[in-house]
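Chemist: The following file, work.txt, comprises compact mmCIF, C-alpha atoms:
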# COMPACT_ATOMS: atom_id res chain seq x y z
CA MET A 241 -47.37 7.30 -43.39
CA LYS A 242 -50.61 9.19 -42.93
CA ILE A 243 -51.64 10.98 -39.76
CA LYS A 244 -55.23 10.54 -38.68
CA GLU A 245 -54.94 12.84 -35.69
CA LEU A 246 -52.26 15.18 -34.50
CA GLY A 247 -52.96 14.29 -30.89
CA ASN A 248 -50.11 15.58 -28.73
CA ILE A 249 -48.06 17.03 -31.58
CA LYS A 250 -47.44 20.71 -30.89
CA ILE A 251 -46.67 22.55 -34.11
CA SER A 252 -43.89 25.05 -33.52
CA HIS A 253 -43.54 26.52 -37.01
CA GLN A 254 -45.25 26.48 -40.38
CA LEU A 255 -43.90 26.60 -43.92
CA ASP A 256 -46.02 27.18 -47.04
CA CYS A 257 -44.53 25.49 -50.10
CA SER A 258 -47.79 25.49 -52.06
CA GLY A 259 -47.33 26.13 -55.76
CA HIS A 260 -43.71 25.00 -55.75
CA LEU A 261 -42.53 21.87 -57.53
CA CYS A 262 -39.75 19.60 -56.32
CA PRO A 263 -37.02 20.12 -55.41
CA ALA A 264 -38.20 23.53 -54.06
CA PRO A 265 -40.25 22.11 -51.12
CA ILE A 266 -37.22 20.10 -49.96
CA LEU A 267 -34.88 23.08 -50.27
CA MET A 268 -37.35 25.38 -48.49
CA THR A 269 -37.84 22.80 -45.71
CA GLU A 270 -34.11 22.35 -45.29
CA GLU A 271 -33.57 26.10 -45.03
CA LYS A 272 -36.41 26.55 -42.52
CA ILE A 273 -35.50 23.59 -40.30
CA GLU A 274 -31.91 24.82 -39.94
CA ARG A 275 -33.28 27.82 -38.01
CA LEU A 276 -35.39 25.73 -35.62
CA LYS A 277 -34.49 24.31 -32.23
CA ILE A 278 -34.11 20.59 -31.65
CA GLY A 279 -37.53 19.14 -30.84
CA ASP A 280 -39.48 21.79 -32.76
CA VAL A 281 -42.17 20.48 -35.10
CA LEU A 282 -42.47 22.00 -38.56
CA GLU A 283 -45.76 21.82 -40.47
CA VAL A 284 -45.07 21.95 -44.22
CA LEU A 285 -47.93 22.76 -46.61
CA PHE A 286 -47.31 21.48 -50.13
CA THR A 287 -49.28 20.98 -53.35
CA ASP A 288 -46.78 18.94 -55.37
CA PRO A 289 -47.68 15.24 -54.91
CA GLY A 290 -44.03 14.33 -55.43
CA ALA A 291 -43.08 16.25 -52.28
CA GLU A 292 -44.48 13.61 -49.91
CA PRO A 293 -42.10 10.78 -50.82
CA ASP A 294 -39.26 13.27 -51.24
CA LEU A 295 -39.81 14.73 -47.76
CA GLU A 296 -39.96 11.25 -46.25
CA VAL A 297 -36.64 10.29 -47.88
CA TRP A 298 -35.10 13.64 -46.92
CA CYS A 299 -36.04 13.05 -43.26
CA ARG A 300 -34.42 9.61 -43.28
CA ALA A 301 -31.28 11.00 -44.94
CA THR A 302 -30.95 13.94 -42.53
CA GLY A 303 -32.07 12.17 -39.33
CA HIS A 304 -35.13 14.32 -38.67
CA ASP A 305 -38.38 12.62 -37.57
CA CYS A 306 -41.07 12.42 -40.22
CA LEU A 307 -44.18 12.33 -38.03
CA GLY A 308 -46.48 11.78 -40.99
CA PHE A 309 -48.67 13.41 -43.58
CA LYS A 310 -52.28 14.49 -43.89
CA GLY A 311 -54.28 15.99 -46.68
CA GLY A 312 -55.41 15.04 -50.09
CA LYS A 313 -55.19 15.52 -53.78
CA PHE A 314 -54.72 19.29 -53.95
CA LYS A 315 -53.06 20.21 -50.67
CA SER A 316 -51.17 18.18 -48.12
CA TYR A 317 -49.24 18.69 -44.91
CA ALA A 318 -46.06 17.09 -43.62
CA TYR A 319 -45.03 17.10 -39.97
CA ILE A 320 -41.32 17.01 -39.25
CA ARG A 321 -39.60 17.09 -35.87
CA LYS A 322 -36.07 18.52 -35.86
CA LYS A 323 -33.48 16.18 -34.40
Rewrite the coordinates I just gave you, this time as structure tokens.
Modeler:
Amino acid sequence: MKIKELGNIKISHQLDCSGHLCPAPILMTEEKIERLKIGDVLEVLFTDPGAEPDLEVWCRATGHDCLGFKGGKFKSYAYIRKK
């Protein structure tokens, strides 16, 4: 699910996972989101193309909201709301 515009999404925190291959982006995201408050939105920067489907599955498995992705071939962003 791609995001065309962030619109009303207020990014609370950012996490840079660039240069890391899976499963590191998932583990880093899990560690970071544990420290956030419910409702906070985490922007995750990643360069591993495998991280997008993995983050989407991780959100479904953990109950967090995957708000979508933006970016391209070399760098992408995921937006996750803590539930």
Chemist: Quick one: residues within 7 Å of Asp305 (chain A), all atoms listed in the file counted, chain neighbours fewer than 2 positions away excluded, as a PDB file with C-alpha atoms, in the frame of the given file?
Modeler:
ATOM      1  CA  CYS A 299     -36.040  13.050 -43.260  1.00  0.00           C
ATOM      2  CA  GLY A 303     -32.070  12.170 -39.330  1.00  0.00           C
ATOM      3  CA  LEU A 307     -44.180  12.330 -38.030  1.00  0.00           C
ATOM      4  CA  ILE A 320     -41.320  17.010 -39.250  1.00  0.00           C
ATOM      5  CA  ARG A 321     -39.600  17.090 -35.870  1.00  0.00           C
ATOM      6  CA  LYS A 322     -36.070  18.520 -35.860  1.00  0.00           C
ATOM      7  CA  LYS A 323     -33.480  16.180 -34.400  1.00  0.00           C
TER       8      LYS A 323
END
Chemist: Given the choices A:Gly290, A:Cys306, A:Gly311, A:Tyr319, which gets closest to Ile249 (chain A) if the distance is worked out from all atoms listed in the file?
Modeler: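 Closest candidate: A:Tyr319.
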Chemist: Quick one: distance from CA of Pro289 (chain A) to CA of Lys277 (chain A) in Å, one decimal?
Modeler: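 Computed distance, CA of Pro289 (chain A) to CA of Lys277 (chain A), equals 27.8 Å.
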Chemist: Give me, as a list of chain:residue names, all polymer residues having an atom no more than 12 Å from Leu276 (chain A), counting only C-alpha atoms and skipping those fewer than 5 positions away in the same chain.
Modeler: A:Ile251, A:Ser252, A:His253, A:Gln254, A:Leu255, A:Thr269, A:Glu270, A:Glu271, A:Val281, A:Leu282, A:His304, A:Ile320, A:Arg321, A:Lys322, A:Lys323
Chemist: Which of these residues is nearest to Asp280 (chain A), using all atoms listed in the file: A:Lys310, A:Arg300, A:Lys250, A:Lys315?
Modeler: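 Under the stated criterion, the closest residue is A:Lys250.
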Chemist: Contacts of Glu292 (chain A) at 9 Å or less, counting only C-alpha atoms, minus same-chain residues fewer than 5 places along, as a list in words?
Modeler: Phe286, Val297, Phe309, Ser316, Tyr317 and Ala318 of chain A
Chemist: One number please: CA of Lys313 (chain A) to CA of Ile266 (chain A), in Å, one decimal.
Modeler: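 Interatomic distance, CA of Lys313 (chain A) to CA of Ile266 (chain A): 18.9 Å.
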